[in-house]
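K.L.:
Right, I'll just put the structure down here and ask away after.
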Amino acid sequence: MKKIIFVLTIGLIILTGCTGVKTLSTGLENESYLEFLGKPSDYNGGVDVNLDDKKTFKAEVKKDHANRPKGKVYAISTGTHTITVSYNNNVIFKKKIFVSAQETKKIILP
């Protein structure tokens, strides 16, 4: 009888020590992406991108391939932004855009 009570007690201790199934839910990352498309030979060395007159970076221009995975993308925050693209100090693209979470906005250059 003592053996049965001992085994049941140990079994209950083991079962109460288990915490069960834990779940974790997360939302989308709060960032979006820009991809610059055009004729790469027209933009040797890439283009200069200005984001909201605050952040400036150099970007590669890739040819648009609808049947292939996207090329190099650049992460930006979500929301409304003014994008200015220049090449050799000439503005070739300027537009106000809105991007949502995990959206990739294609910037088509002339």
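Here, A, B, ... name the chains of the structure tokens in the order displayed, residue numbers run from 1 inside each chain, and ligands are numbered from 1 in the same displayed order.
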Name the residues of chain A that come out as strand (DSSP E) in a backbone DSSP run; write them as JSON, numbers by chain.

P.N.:
{"A": [31, 32, 33, 34, 35, 36, 37, 47, 48, 49, 50, 51, 55, 56, 57, 58, 59, 74, 75, 76, 77, 79, 80, 81, 82, 83, 84, 85, 86, 87, 90, 91, 92, 93, 94, 95, 96, 97, 98, 99, 104, 105, 106, 107, 108]}

K.L.:
Mind giving me the straight-line distance from atom CA of A:Asp42 to atom CA of A:Thr82 in Å, one decimal?

P.N.:
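Straight-line distance from atom CA of A:Asp42 to atom CA of A:Thr82 works out to 23.3 Å.
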
K.L.:
Which residue out of A:Leu37, A:Ile92, A:Leu109, A:Val85 has the minimum interatomic distance to A:Lys58 when only C-alpha atoms are used?

P.N.:
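Of all the options, A:Val85 lies closest to A:Lys58.
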
K.L.:
From the list A:Phe6, A:Tyr74, A:Phe57, A:Tyr87, which residue is nearest A:Tyr43 when using only C-alpha atoms?

P.N.:
A:Tyr87

K.L.:
If I take atom CA of A:Lys95 and atom CA of A:Glu31, how far is one from the other in Å, to one decimal?

P.N.:
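Rounded to one decimal, the two atoms are 19.0 Å apart.
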
K.L.:
Give me the residues within 9 Å of A:Gly71 as a PyMOL selection string, counting only C-alpha atoms and dropping any in the same chain fewer than 3 places off.

P.N.:
chain A and resi 35-37+61-65+68

K.L.:
Could you name the residues that touch A:Ile76 at 9 Å or less, counting only C-alpha atoms, but leaving out those on the same chain fewer than 5 positions away, as a PyMOL selection string?

P.N.:
chain A and resi 31-34+51+99

K.L.:
In Å, rounded to a single decimal, give me how far atom CA of A:Ala75 is from atom CA of A:Lys105.

P.N.:
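Rounded to one decimal, the two atoms are 10.4 Å apart.
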